[in-house]
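Structure record follows, encoded as structure tokens.
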Amino acid sequence: MKKTKQNKPVKSSLTKRSIQKFMKNRLAIVGLIGLFLLLTACICAPLLTSYDPGFIDLTQKSLPMSAEHPLGTDRLGRDLLARVLYGGRWSLLIGIAASLGTNLLAAILGCVSGYYGGKVDRTLVTVQEFMSLFPTTLIFILLAGITGRSINIVLAIWILTGWGGTMRIVRSRILSLKQEPFVESCRANGISSFSIMFHHMVPNTMGPIILNVTMNVGGYVLSEAGLTYLGIGLPADIPTWGNILNGAKRMDILLNEPLLWMVPGAAILLLTLSINFFGDGLRDALDSTTK
Amino acid sequence: MAEKDYILKVDDLKTEFKVGKRVVHAVNGVSFNVERGKILCIVGESGCGKSQTVHSILQLLAENGYIAGGSVEYFKKGANKPQVLSSYSRNSKKIRAIRGKEIAMIFQDPMSTLNPVYTVGRQIMEMLLKHERISKKEAKARIMQLLNDLEIPTPEVRYDQYPHEFSGGMKQRIMVAIAMICNPDILIADEPTTALDVTIQAQILDLIRKMQQEHGTSVIFITHNMGVVAEIADDVAVMYMGRIVEQGTVKQVFTNPQHPYTKALMRSVPVMGMDKARALDTIEGTTPDASTVFHGCEFADRCTYATEACFNRFPIDTIIEDGHRVRCLLFEEGEQNAE
């Protein structure tokens, strides 16, 4: 009747197993390193360059690469390296904020929708479907014209329109979790609906949520660049990667000063690729059903 | 005769489910009482309404289910007025204060009744902190004590482990721990041993019995295993098609089964030392669908003693002797020895 004496049960480590699984994925490691390098470069921007990204020096305009200006300067004499590094801070910050906001809202709505079902569910799913076919760009164009461009408005629009994907995933997970005996057991033990939803069910959907948060950061950085490039995203005084690109869209710059668009372009490419590789690895590591 | 000390009175409980436009009568006027500190076993085939009866007690029915009639009264120790559980709404604060604290429940499948993302210690702790105002340190000490009582080896290691690191039997012990941690008055065990293998079954039964005796808990034990009933029950209620067909003390029902269904059930259980050549008896036919409409006794179709009247008239409870009731027409007319 007694359990084996020699093998004492060891303290578990699900985390350790996930990390091991992640480490085996080469592409994911590449993504992680790329992400790490970009993040440190942006965070440590003041150490890497002594220039102010907004400082205009008309005597130094359109310089090629040199020891003084490693990536040259733009048409207003601003140092490109400083602009890309400090711009990365903004781009990443906006991407992360938008992604966290969107997914937080999505998790709450998805959970409520799946748990309560019925009318609440039907309403939320209909709203979600409407959102997913509504052209977001149109809202940006309209608002850029009406209220002018601002970070808050861009973030608000992203969060209010972007929750559909994660919400659907969370909702379907909650629907299947609702049938799990442990949820019934929670109810039988007198735990409130709120606690069942957010303490017991949501942690069980954390895998896909974490994955979406990561992937969406890349997506939002990309769409920030796209919108700002078109001139309907963020205000021009914030040096995001999109704004740097926007400043380089004239034909003569495209032809004669390729660094001005290649560098921020490469930064965006590197970031989104890294995030996607990293996210893929993360999904495999977090998913306990795949080996 | 002195009035017995009842802790739970279920009177003419009716539970229905709406399936599309049809109404399925899962529980059809079930009445039983649970005595303080005793074990009541509810026996019956799959789908006879055993689980729905106890789910109704705690208002845990699925969303399309509802209590259509009858009452459930809970007599808390020291309180002079009963709490009418059947009048509380599904998720009200009142019923939540009862669940887990006064009436706890153990489920059939231990493999999935624990939340996979939290350590078991944390899950037991959650229950305790929810219903009682004590510090985390005290709570942990109490949990350790209980895990020890439940014969879980190395409880201090087990406390920090996740459910997937437990075997089925160990998980069921944890479920017993979660149910017993607040010292409930009534423990409802919904086929707690069905998913376990036989040796583990015996251990869990012993534990439930031990807990029941140490804490004076009343137990409602649902099972379809007659052997389990014989082992632990004080009182037995036999259910068929959402009704109790026979109830009494374990002695009354086992030594003197009266209802043809109970008799048939008894005959279909293998007994140690029985003639090897003899085939086990079975009950002819299958359980009718729960939505079938009856005009007479639900068991008449499969009953070897059925008469014309059985198909046309509903039987009512007949008292055979003190505490022993049978719901069968044969006894209403006084034909006690139908064999």
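Letters A, B, ... go to the chains of the structure tokens in the order shown; residues in each chain start at 1; ligands are counted from 1 in the same order.
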I'd like the neighbourhood of B:Arg36 as a list in words, where a residue qualifies if any of its atoms comes within 9 Å (using only C-alpha atoms), though same-chain residues fewer than 6 positions away should be ignored.
Lys4, Asp5, Tyr6, Ile7, Leu8, Asp185, Ile186, Gly216, Thr217, Ser218 and Val219 of chain B
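Here is the contact set of chain B against chain A, at 6 Å and counting only C-alpha atoms: Arg96, Arg99, Gly100, Ser112, Thr113, Leu114, Asn115 and Gln161 of chain B.
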Please provide the set of residues having any atom within 9 Å of B:Val228, restricted to only C-alpha atoms, with same-chain residues fewer than 4 positions apart removed, written as a list of chain:residue names.
B:Cys41, B:Ala202, B:Leu205, B:Thr223, B:His224, B:Ile232, B:Ala233
Include N, CA and C atoms and write out the residues we just selected as a PDB file, in the first residue's frame.
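What follows is the written file result35.pdb:
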ATOM      1  N   CYS B  41     -27.388   6.248   1.332  1.00  0.00           N
ATOM      2  CA  CYS B  41     -26.939   5.904  -0.009  1.00  0.00           C
ATOM      3  C   CYS B  41     -28.109   6.019  -0.968  1.00  0.00           C
ATOM      4  N   ALA B 202     -11.708   1.111  -2.171  1.00  0.00           N
ATOM      5  CA  ALA B 202     -11.839   0.715  -0.774  1.00  0.00           C
ATOM      6  C   ALA B 202     -11.174   1.739   0.134  1.00  0.00           C
ATOM      7  N   LEU B 205     -13.343   4.853   0.322  1.00  0.00           N
ATOM      8  CA  LEU B 205     -14.512   4.583   1.161  1.00  0.00           C
ATOM      9  C   LEU B 205     -14.156   4.626   2.632  1.00  0.00           C
ATOM     10  N   THR B 223     -24.321   6.084  -5.600  1.00  0.00           N
ATOM     11  CA  THR B 223     -23.540   5.029  -6.217  1.00  0.00           C
ATOM     12  C   THR B 223     -24.469   4.122  -7.007  1.00  0.00           C
ATOM     13  N   HIS B 224     -23.899   3.299  -7.897  1.00  0.00           N
ATOM     14  CA  HIS B 224     -24.725   2.252  -8.476  1.00  0.00           C
ATOM     15  C   HIS B 224     -24.149   0.892  -8.111  1.00  0.00           C
ATOM     16  N   ILE B 232     -21.019   0.830   3.464  1.00  0.00           N
ATOM     17  CA  ILE B 232     -20.978   2.070   4.241  1.00  0.00           C
ATOM     18  C   ILE B 232     -22.327   2.630   4.683  1.00  0.00           C
ATOM     19  N   ALA B 233     -23.432   2.205   4.047  1.00  0.00           N
ATOM     20  CA  ALA B 233     -24.676   2.936   4.272  1.00  0.00           C
ATOM     21  C   ALA B 233     -25.317   2.647   5.620  1.00  0.00           C
TER      22      ALA B 233
END
Near stretch 188-199 of chain B, within 8 Å and counting only C-alpha atoms, which residues show up once chain neighbours fewer than 2 positions away are dropped, as a list in words?
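Listed by chain and then number, they are Ser51, Val54, Ile103, Ala104, Met105, Ile106, Phe107, Gln108, Asp109, Pro110, Gly168, Gly169, Gln172, Ile186, Gln201, Ala202, Gln203, Ile204, Leu205, Val219, Ile220, Phe221, Ile222, Thr223 and His224 of chain B.
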Can you list every residue in stretch 80-246 of chain A that DSSP puts in alpha helix (DSSP H), as a ChimeraX atom specification?
/A:80-116,118-133,136-146,151-162,164-177,181-188,193-195,206-230,241-246
Excluding stretch 141-158 of chain B and its own-chain neighbours fewer than 5 positions away, which residues fall within 12 Å of it when counting only C-alpha atoms? Please give them as a PyMOL selection string.
(chain A and resi 1-5+7-12) or (chain B and resi 119-129+132+134-136+163-167+169-183+203-211+214-215)
Selection export as a PDB file, in the first residue's frame, atoms kept: C-alpha atoms:
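Result saved to again.pdb:
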ATOM      1  CA  MET A   1       0.000   0.000   0.000  1.00  0.00           C
ATOM      2  CA  LYS A   2       2.923   2.335   0.606  1.00  0.00           C
ATOM      3  CA  LYS A   3       4.418   4.410  -2.123  1.00  0.00           C
ATOM      4  CA  THR A   4       8.013   3.731  -3.088  1.00  0.00           C
ATOM      5  CA  LYS A   5      10.298   5.156  -0.472  1.00  0.00           C
ATOM      6  CA  ASN A   7      11.696   8.155  -5.089  1.00  0.00           C
ATOM      7  CA  LYS A   8      10.485  11.100  -3.138  1.00  0.00           C
ATOM      8  CA  PRO A   9       8.237  13.225  -5.287  1.00  0.00           C
ATOM      9  CA  VAL A  10      10.161  16.282  -6.439  1.00  0.00           C
ATOM     10  CA  LYS A  11       8.799  19.770  -6.624  1.00  0.00           C
ATOM     11  CA  SER A  12       7.276  20.308 -10.003  1.00  0.00           C
TER      12      SER A  12
ATOM     13  CA  THR B 119      -1.102  23.859  -6.926  1.00  0.00           C
ATOM     14  CA  VAL B 120      -3.418  21.660  -4.884  1.00  0.00           C
ATOM     15  CA  GLY B 121      -2.385  23.429  -1.697  1.00  0.00           C
ATOM     16  CA  ARG B 122      -3.564  26.707  -3.111  1.00  0.00           C
ATOM     17  CA  GLN B 123      -6.880  25.211  -4.138  1.00  0.00           C
ATOM     18  CA  ILE B 124      -7.586  23.814  -0.685  1.00  0.00           C
ATOM     19  CA  MET B 125      -6.441  27.110   0.815  1.00  0.00           C
ATOM     20  CA  GLU B 126      -8.852  29.060  -1.388  1.00  0.00           C
ATOM     21  CA  MET B 127     -11.789  27.134   0.034  1.00  0.00           C
ATOM     22  CA  LEU B 128     -10.719  27.628   3.600  1.00  0.00           C
ATOM     23  CA  LEU B 129     -10.010  31.342   3.264  1.00  0.00           C
ATOM     24  CA  GLU B 132     -13.480  31.204   7.308  1.00  0.00           C
ATOM     25  CA  ILE B 134      -8.260  32.830   9.581  1.00  0.00           C
ATOM     26  CA  SER B 135      -4.698  33.726   8.682  1.00  0.00           C
ATOM     27  CA  LYS B 136      -2.841  31.958   5.907  1.00  0.00           C
ATOM     28  CA  PRO B 163      -2.851  18.242 -10.104  1.00  0.00           C
ATOM     29  CA  HIS B 164      -1.165  16.522 -13.058  1.00  0.00           C
ATOM     30  CA  GLU B 165       1.435  15.124 -10.671  1.00  0.00           C
ATOM     31  CA  PHE B 166      -1.206  13.230  -8.706  1.00  0.00           C
ATOM     32  CA  SER B 167      -2.642   9.801  -9.405  1.00  0.00           C
ATOM     33  CA  GLY B 169      -6.685   8.038  -6.040  1.00  0.00           C
ATOM     34  CA  MET B 170      -4.510  10.840  -4.683  1.00  0.00           C
ATOM     35  CA  LYS B 171      -6.585  13.414  -6.531  1.00  0.00           C
ATOM     36  CA  GLN B 172      -9.755  11.994  -5.030  1.00  0.00           C
ATOM     37  CA  ARG B 173      -8.139  12.308  -1.599  1.00  0.00           C
ATOM     38  CA  ILE B 174      -7.461  15.960  -2.390  1.00  0.00           C
ATOM     39  CA  MET B 175     -11.100  16.351  -3.403  1.00  0.00           C
ATOM     40  CA  VAL B 176     -12.107  14.836  -0.074  1.00  0.00           C
ATOM     41  CA  ALA B 177      -9.742  17.309   1.580  1.00  0.00           C
ATOM     42  CA  ILE B 178     -11.306  20.255  -0.272  1.00  0.00           C
ATOM     43  CA  ALA B 179     -14.751  19.057   0.710  1.00  0.00           C
ATOM     44  CA  MET B 180     -13.871  18.411   4.357  1.00  0.00           C
ATOM     45  CA  ILE B 181     -11.610  21.385   5.056  1.00  0.00           C
ATOM     46  CA  CYS B 182     -14.455  23.621   6.243  1.00  0.00           C
ATOM     47  CA  ASN B 183     -15.988  20.851   8.322  1.00  0.00           C
ATOM     48  CA  GLN B 203      -9.294   3.228   0.542  1.00  0.00           C
ATOM     49  CA  ILE B 204     -11.448   6.205  -0.404  1.00  0.00           C
ATOM     50  CA  LEU B 205     -14.512   4.583   1.161  1.00  0.00           C
ATOM     51  CA  ASP B 206     -12.583   3.994   4.363  1.00  0.00           C
ATOM     52  CA  LEU B 207     -11.463   7.608   4.370  1.00  0.00           C
ATOM     53  CA  ILE B 208     -14.949   8.969   3.844  1.00  0.00           C
ATOM     54  CA  ARG B 209     -16.228   6.710   6.611  1.00  0.00           C
ATOM     55  CA  LYS B 210     -13.381   7.796   8.894  1.00  0.00           C
ATOM     56  CA  MET B 211     -13.976  11.497   8.208  1.00  0.00           C
ATOM     57  CA  GLU B 214     -14.513  11.802  13.321  1.00  0.00           C
ATOM     58  CA  HIS B 215     -16.425  14.922  12.378  1.00  0.00           C
TER      59      HIS B 215
END
List as an MDAnalysis selection string the protein and nucleic acid residues near B:Asp289, meaning an atom at most 10 Å away when only C-alpha atoms are counted, but skip any in the same chain fewer than 2 places from it.
chainID B and resid 24 47:48 241 286:287 291:293
Selected residues, N, CA and C atoms, written as a compact mmCIF listing (two decimals), in the first residue's frame, please.
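Just written: selection_32.txt:
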# COMPACT_ATOMS: atom_id res chain seq x y z
N VAL B 24 -38.20 17.58 -19.92
CA VAL B 24 -37.83 16.26 -19.44
C VAL B 24 -37.92 16.26 -17.93
N GLY B 47 -28.62 7.50 -15.17
CA GLY B 47 -29.73 8.26 -15.74
C GLY B 47 -31.03 8.17 -14.97
N CYS B 48 -31.00 7.65 -13.73
CA CYS B 48 -32.25 7.54 -12.99
C CYS B 48 -32.55 8.78 -12.17
N MET B 241 -36.06 5.88 -12.59
CA MET B 241 -36.77 6.86 -13.40
C MET B 241 -37.21 8.09 -12.61
N THR B 286 -34.34 -2.22 -21.23
CA THR B 286 -33.46 -1.12 -20.89
C THR B 286 -34.25 -0.03 -20.19
N THR B 287 -33.51 0.87 -19.52
CA THR B 287 -34.16 2.00 -18.88
C THR B 287 -34.84 2.84 -19.94
N SER B 291 -37.74 11.15 -21.16
CA SER B 291 -38.88 11.98 -21.57
C SER B 291 -40.15 11.17 -21.84
N THR B 292 -40.06 9.84 -21.63
CA THR B 292 -41.23 8.99 -21.85
C THR B 292 -42.39 9.41 -20.93
N VAL B 293 -43.61 9.36 -21.46
CA VAL B 293 -44.78 9.70 -20.64
C VAL B 293 -45.39 8.39 -20.14
